[in-house]
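A.B. asks: Please find one structure pasted underneath; my questions will follow.
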Amino acid sequence: MTFYQAAKPYVEEKLKAYSQAIAQGNYYEGFRHLEDAHVIGQHSTKLHCLTHYHMLIHGIKRRDLKEVAGQVFRLVGAATKTAIGFIPNGNTGGANISPFKPLPISQSNQVILDKIKHAQS
């Protein structure tokens with residue numbers, strides 16, 4: 001099983017949680033789900049780009065120019081750098097953090113990443 005195949009259900013779960021939070025007007029919680037999706041899926045070019053796409057749309061809907069500009073930059077990076085392994089582990093993907101800075105991975109996301117790794121073996 002590829003990383004993409006193993007990670008896709010977890011990323012989709014986080015994207016669904018994002019949509020539900022936004023539907024309830026909870027934008028902060030919603031974005032947290034996008035950050036989790038980013039941490040979980042960042043080792044797959046497709047999932048990495050998908051998450052940044054959703055972050056871009058979130059920024060557009062919120063009229064957050066910093067987020068929009070940051071996500072355009074990050075989308076290009078995700079599309080061109082993920083496959084060669086240029087990924088700062090744990091980075092949450094938002095424009096509020098350097099796209100090059102590794103961050104600690106939350107315990108809940110680490111559990112998911114461990115499940116993904118196990119599914120690949």
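Chain identifiers are assigned as A, B, and so on, following the order in which chains appear in the structure tokens; residues are numbered from 1 within each chain, and ligands are numbered from 1 in order of appearance.
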Extract, using only C-alpha atoms, all DNA, RNA and protein residues at most 6 Å from stretch 20-37 of chain A, discarding same-chain residues fewer than 6 positions from it, and format them as a compact mmCIF listing (two decimals) with N, CA, C and O atoms, in the first residue's frame.
C.D. replies:
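around_12.txt written:
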# COMPACT_ATOMS: atom_id res chain seq x y z
N VAL A 11 -6.96 12.00 5.75
CA VAL A 11 -7.04 13.36 5.23
C VAL A 11 -8.49 13.70 4.89
O VAL A 11 -8.98 14.79 5.23
N LYS A 14 -10.39 14.58 7.97
CA LYS A 14 -10.08 15.93 8.45
C LYS A 14 -10.75 16.99 7.57
O LYS A 14 -11.23 18.00 8.08
N THR A 92 2.42 22.85 9.92
CA THR A 92 0.96 22.86 9.83
C THR A 92 0.43 23.50 8.55
O THR A 92 -0.77 23.43 8.28
A.B. asks: My list of candidates is A:His118, A:His54, A:His43, A:Lys8. Which is closest to A:Gln71 when distances are computed with only C-alpha atoms?
C.D. replies: A:His54
A.B. asks: Just list the residues in chain A DSSP gives alpha helix (DSSP H) on the backbone, as a PyMOL selection string.
C.D. replies: chain A and resi 3-23+27-41+45-61+65-81+107-120
A.B. asks: Let me make sure I understand: among A:Leu103, A:Cys49, A:Leu15, A:Met1, which one has the smallest atom-to-atom distance to A:Lys81 if we use only C-alpha atoms?
C.D. replies: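 Selected residue with least distance to A:Lys81: A:Cys49.
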A.B. asks: Please provide the set of residues having any atom within 10 Å of stretch 94-96 of chain A, restricted to only C-alpha atoms, with same-chain residues fewer than 3 positions apart removed, written as a VMD selection string.
C.D. replies: chain A and resid 31 to 32 34 to 35 38 52 55 to 56 59 65 to 74 91 99
A.B. asks: Take the selection from the previous step and output its residues with N, CA and C atoms, as a PDB file, in the first residue's frame.
C.D. replies:
ATOM      1  N   PHE A  31     -10.019  25.581  10.512  1.00  0.00           N
ATOM      2  CA  PHE A  31      -8.655  25.681  10.011  1.00  0.00           C
ATOM      3  C   PHE A  31      -7.734  24.704  10.728  1.00  0.00           C
ATOM      4  N   ARG A  32      -8.009  24.443  11.983  1.00  0.00           N
ATOM      5  CA  ARG A  32      -7.208  23.442  12.727  1.00  0.00           C
ATOM      6  C   ARG A  32      -7.300  22.070  12.060  1.00  0.00           C
ATOM      7  N   LEU A  34      -7.757  21.611   8.860  1.00  0.00           N
ATOM      8  CA  LEU A  34      -6.924  21.713   7.663  1.00  0.00           C
ATOM      9  C   LEU A  34      -5.445  21.540   8.022  1.00  0.00           C
ATOM     10  N   GLU A  35      -5.048  22.117   9.148  1.00  0.00           N
ATOM     11  CA  GLU A  35      -3.656  21.956   9.594  1.00  0.00           C
ATOM     12  C   GLU A  35      -3.345  20.487   9.878  1.00  0.00           C
ATOM     13  N   HIS A  38      -2.937  18.678   6.699  1.00  0.00           N
ATOM     14  CA  HIS A  38      -1.634  18.989   6.117  1.00  0.00           C
ATOM     15  C   HIS A  38      -0.544  18.126   6.729  1.00  0.00           C
ATOM     16  N   HIS A  52      -3.379  22.277   0.667  1.00  0.00           N
ATOM     17  CA  HIS A  52      -3.076  23.691   0.417  1.00  0.00           C
ATOM     18  C   HIS A  52      -4.165  24.347  -0.437  1.00  0.00           C
ATOM     19  N   MET A  55      -6.806  25.257   1.967  1.00  0.00           N
ATOM     20  CA  MET A  55      -6.356  26.414   2.748  1.00  0.00           C
ATOM     21  C   MET A  55      -6.465  27.695   1.916  1.00  0.00           C
ATOM     22  N   LEU A  56      -6.149  27.608   0.634  1.00  0.00           N
ATOM     23  CA  LEU A  56      -6.286  28.752  -0.261  1.00  0.00           C
ATOM     24  C   LEU A  56      -7.741  29.199  -0.346  1.00  0.00           C
ATOM     25  N   GLY A  59      -8.762  30.921   2.769  1.00  0.00           N
ATOM     26  CA  GLY A  59      -8.254  32.287   2.797  1.00  0.00           C
ATOM     27  C   GLY A  59      -9.060  33.214   1.904  1.00  0.00           C
ATOM     28  N   LEU A  65      -5.806  38.118   2.849  1.00  0.00           N
ATOM     29  CA  LEU A  65      -4.823  38.238   1.776  1.00  0.00           C
ATOM     30  C   LEU A  65      -3.494  37.577   2.130  1.00  0.00           C
ATOM     31  N   LYS A  66      -3.107  37.629   3.397  1.00  0.00           N
ATOM     32  CA  LYS A  66      -1.863  36.966   3.817  1.00  0.00           C
ATOM     33  C   LYS A  66      -1.973  35.457   3.598  1.00  0.00           C
ATOM     34  N   GLU A  67      -3.112  34.889   3.965  1.00  0.00           N
ATOM     35  CA  GLU A  67      -3.304  33.444   3.794  1.00  0.00           C
ATOM     36  C   GLU A  67      -3.349  33.080   2.308  1.00  0.00           C
ATOM     37  N   VAL A  68      -4.037  33.888   1.521  1.00  0.00           N
ATOM     38  CA  VAL A  68      -4.135  33.614   0.083  1.00  0.00           C
ATOM     39  C   VAL A  68      -2.741  33.627  -0.547  1.00  0.00           C
ATOM     40  N   ALA A  69      -1.978  34.671  -0.310  1.00  0.00           N
ATOM     41  CA  ALA A  69      -0.626  34.761  -0.876  1.00  0.00           C
ATOM     42  C   ALA A  69       0.250  33.609  -0.388  1.00  0.00           C
ATOM     43  N   GLY A  70       0.156  33.303   0.897  1.00  0.00           N
ATOM     44  CA  GLY A  70       0.943  32.208   1.461  1.00  0.00           C
ATOM     45  C   GLY A  70       0.581  30.873   0.848  1.00  0.00           C
ATOM     46  N   GLN A  71      -0.694  30.665   0.600  1.00  0.00           N
ATOM     47  CA  GLN A  71      -1.119  29.386   0.040  1.00  0.00           C
ATOM     48  C   GLN A  71      -0.755  29.238  -1.430  1.00  0.00           C
ATOM     49  N   VAL A  72      -0.778  30.324  -2.174  1.00  0.00           N
ATOM     50  CA  VAL A  72      -0.325  30.253  -3.570  1.00  0.00           C
ATOM     51  C   VAL A  72       1.140  29.808  -3.598  1.00  0.00           C
ATOM     52  N   PHE A  73       1.959  30.422  -2.769  1.00  0.00           N
ATOM     53  CA  PHE A  73       3.377  30.059  -2.660  1.00  0.00           C
ATOM     54  C   PHE A  73       3.529  28.600  -2.237  1.00  0.00           C
ATOM     55  N   ARG A  74       2.755  28.175  -1.246  1.00  0.00           N
ATOM     56  CA  ARG A  74       2.847  26.814  -0.718  1.00  0.00           C
ATOM     57  C   ARG A  74       2.334  25.774  -1.714  1.00  0.00           C
ATOM     58  N   ASN A  91       5.049  20.551  10.015  1.00  0.00           N
ATOM     59  CA  ASN A  91       4.630  21.902   9.651  1.00  0.00           C
ATOM     60  C   ASN A  91       3.135  21.890   9.367  1.00  0.00           C
ATOM     61  N   PRO A  99       7.087  28.241   5.810  1.00  0.00           N
ATOM     62  CA  PRO A  99       6.874  26.972   5.117  1.00  0.00           C
ATOM     63  C   PRO A  99       8.071  26.026   5.216  1.00  0.00           C
TER      64      PRO A  99
END
A.B. asks: May I have the residues within 9 Å of A:Gln110 as a list in words, using only C-alpha atoms and disregarding those fewer than 5 positions away in the same chain?
C.D. replies: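 Residues meeting the cut-off are Ile40, Ile105 and Lys115 of chain A.
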A.B. asks: Could you list, as a PDB file with all heavy atoms, in the first residue's frame, every residue within 12 Å of A:Gln107, counting only C-alpha atoms and ignoring same-chain residues fewer than 4 positions away?
C.D. replies:
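Contents of around02.pdb, as written:
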ATOM      1  N   ASP A  36      -4.277  19.793  10.526  1.00  0.00           N
ATOM      2  CA  ASP A  36      -4.084  18.361  10.780  1.00  0.00           C
ATOM      3  C   ASP A  36      -3.989  17.593   9.463  1.00  0.00           C
ATOM      4  O   ASP A  36      -3.141  16.706   9.307  1.00  0.00           O
ATOM      5  CB  ASP A  36      -5.229  17.796  11.624  1.00  0.00           C
ATOM      6  CG  ASP A  36      -5.168  18.210  13.079  1.00  0.00           C
ATOM      7  OD1 ASP A  36      -4.109  18.684  13.542  1.00  0.00           O
ATOM      8  OD2 ASP A  36      -6.199  18.049  13.772  1.00  0.00           O
ATOM      9  N   VAL A  39      -0.513  18.043   8.039  1.00  0.00           N
ATOM     10  CA  VAL A  39       0.514  17.252   8.722  1.00  0.00           C
ATOM     11  C   VAL A  39       0.407  15.781   8.304  1.00  0.00           C
ATOM     12  O   VAL A  39       1.413  15.125   8.042  1.00  0.00           O
ATOM     13  CB  VAL A  39       0.393  17.399  10.258  1.00  0.00           C
ATOM     14  CG1 VAL A  39       1.296  16.405  10.984  1.00  0.00           C
ATOM     15  CG2 VAL A  39       0.716  18.827  10.680  1.00  0.00           C
ATOM     16  N   ILE A  40      -0.800  15.280   8.210  1.00  0.00           N
ATOM     17  CA  ILE A  40      -1.018  13.875   7.882  1.00  0.00           C
ATOM     18  C   ILE A  40      -0.672  13.580   6.427  1.00  0.00           C
ATOM     19  O   ILE A  40      -0.055  12.558   6.122  1.00  0.00           O
ATOM     20  CB  ILE A  40      -2.478  13.472   8.183  1.00  0.00           C
ATOM     21  CG1 ILE A  40      -2.738  13.553   9.689  1.00  0.00           C
ATOM     22  CG2 ILE A  40      -2.789  12.075   7.643  1.00  0.00           C
ATOM     23  CD1 ILE A  40      -4.212  13.566  10.063  1.00  0.00           C
ATOM     24  N   GLY A  90       5.810  17.940  10.370  1.00  0.00           N
ATOM     25  CA  GLY A  90       5.012  18.558  11.414  1.00  0.00           C
ATOM     26  C   GLY A  90       4.528  19.953  11.091  1.00  0.00           C
ATOM     27  O   GLY A  90       3.687  20.496  11.801  1.00  0.00           O
ATOM     28  N   VAL A 111      -0.302   9.375  16.187  1.00  0.00           N
ATOM     29  CA  VAL A 111      -1.014   8.085  16.194  1.00  0.00           C
ATOM     30  C   VAL A 111      -1.470   7.746  14.773  1.00  0.00           C
ATOM     31  O   VAL A 111      -1.313   6.609  14.302  1.00  0.00           O
ATOM     32  CB  VAL A 111      -2.204   8.112  17.184  1.00  0.00           C
ATOM     33  CG1 VAL A 111      -3.138   6.931  16.976  1.00  0.00           C
ATOM     34  CG2 VAL A 111      -1.707   8.160  18.620  1.00  0.00           C
ATOM     35  N   ILE A 112      -2.015   8.729  14.083  1.00  0.00           N
ATOM     36  CA  ILE A 112      -2.476   8.510  12.702  1.00  0.00           C
ATOM     37  C   ILE A 112      -1.292   8.197  11.797  1.00  0.00           C
ATOM     38  O   ILE A 112      -1.356   7.253  10.987  1.00  0.00           O
ATOM     39  CB  ILE A 112      -3.266   9.739  12.197  1.00  0.00           C
ATOM     40  CG1 ILE A 112      -4.580   9.859  12.970  1.00  0.00           C
ATOM     41  CG2 ILE A 112      -3.520   9.638  10.694  1.00  0.00           C
ATOM     42  CD1 ILE A 112      -5.319  11.168  12.737  1.00  0.00           C
ATOM     43  N   LEU A 113      -0.215   8.942  11.911  1.00  0.00           N
ATOM     44  CA  LEU A 113       0.963   8.684  11.076  1.00  0.00           C
ATOM     45  C   LEU A 113       1.546   7.296  11.343  1.00  0.00           C
ATOM     46  O   LEU A 113       2.002   6.625  10.412  1.00  0.00           O
ATOM     47  CB  LEU A 113       2.014   9.776  11.293  1.00  0.00           C
ATOM     48  CG  LEU A 113       1.633  11.145  10.750  1.00  0.00           C
ATOM     49  CD1 LEU A 113       2.612  12.213  11.235  1.00  0.00           C
ATOM     50  CD2 LEU A 113       1.567  11.130   9.224  1.00  0.00           C
ATOM     51  N   ASP A 114       1.505   6.852  12.589  1.00  0.00           N
ATOM     52  CA  ASP A 114       1.960   5.496  12.919  1.00  0.00           C
ATOM     53  C   ASP A 114       1.066   4.446  12.264  1.00  0.00           C
ATOM     54  O   ASP A 114       1.557   3.421  11.764  1.00  0.00           O
ATOM     55  CB  ASP A 114       2.007   5.287  14.433  1.00  0.00           C
ATOM     56  CG  ASP A 114       3.116   6.082  15.117  1.00  0.00           C
ATOM     57  OD1 ASP A 114       4.048   6.570  14.416  1.00  0.00           O
ATOM     58  OD2 ASP A 114       3.042   6.238  16.353  1.00  0.00           O
TER      59      ASP A 114
END
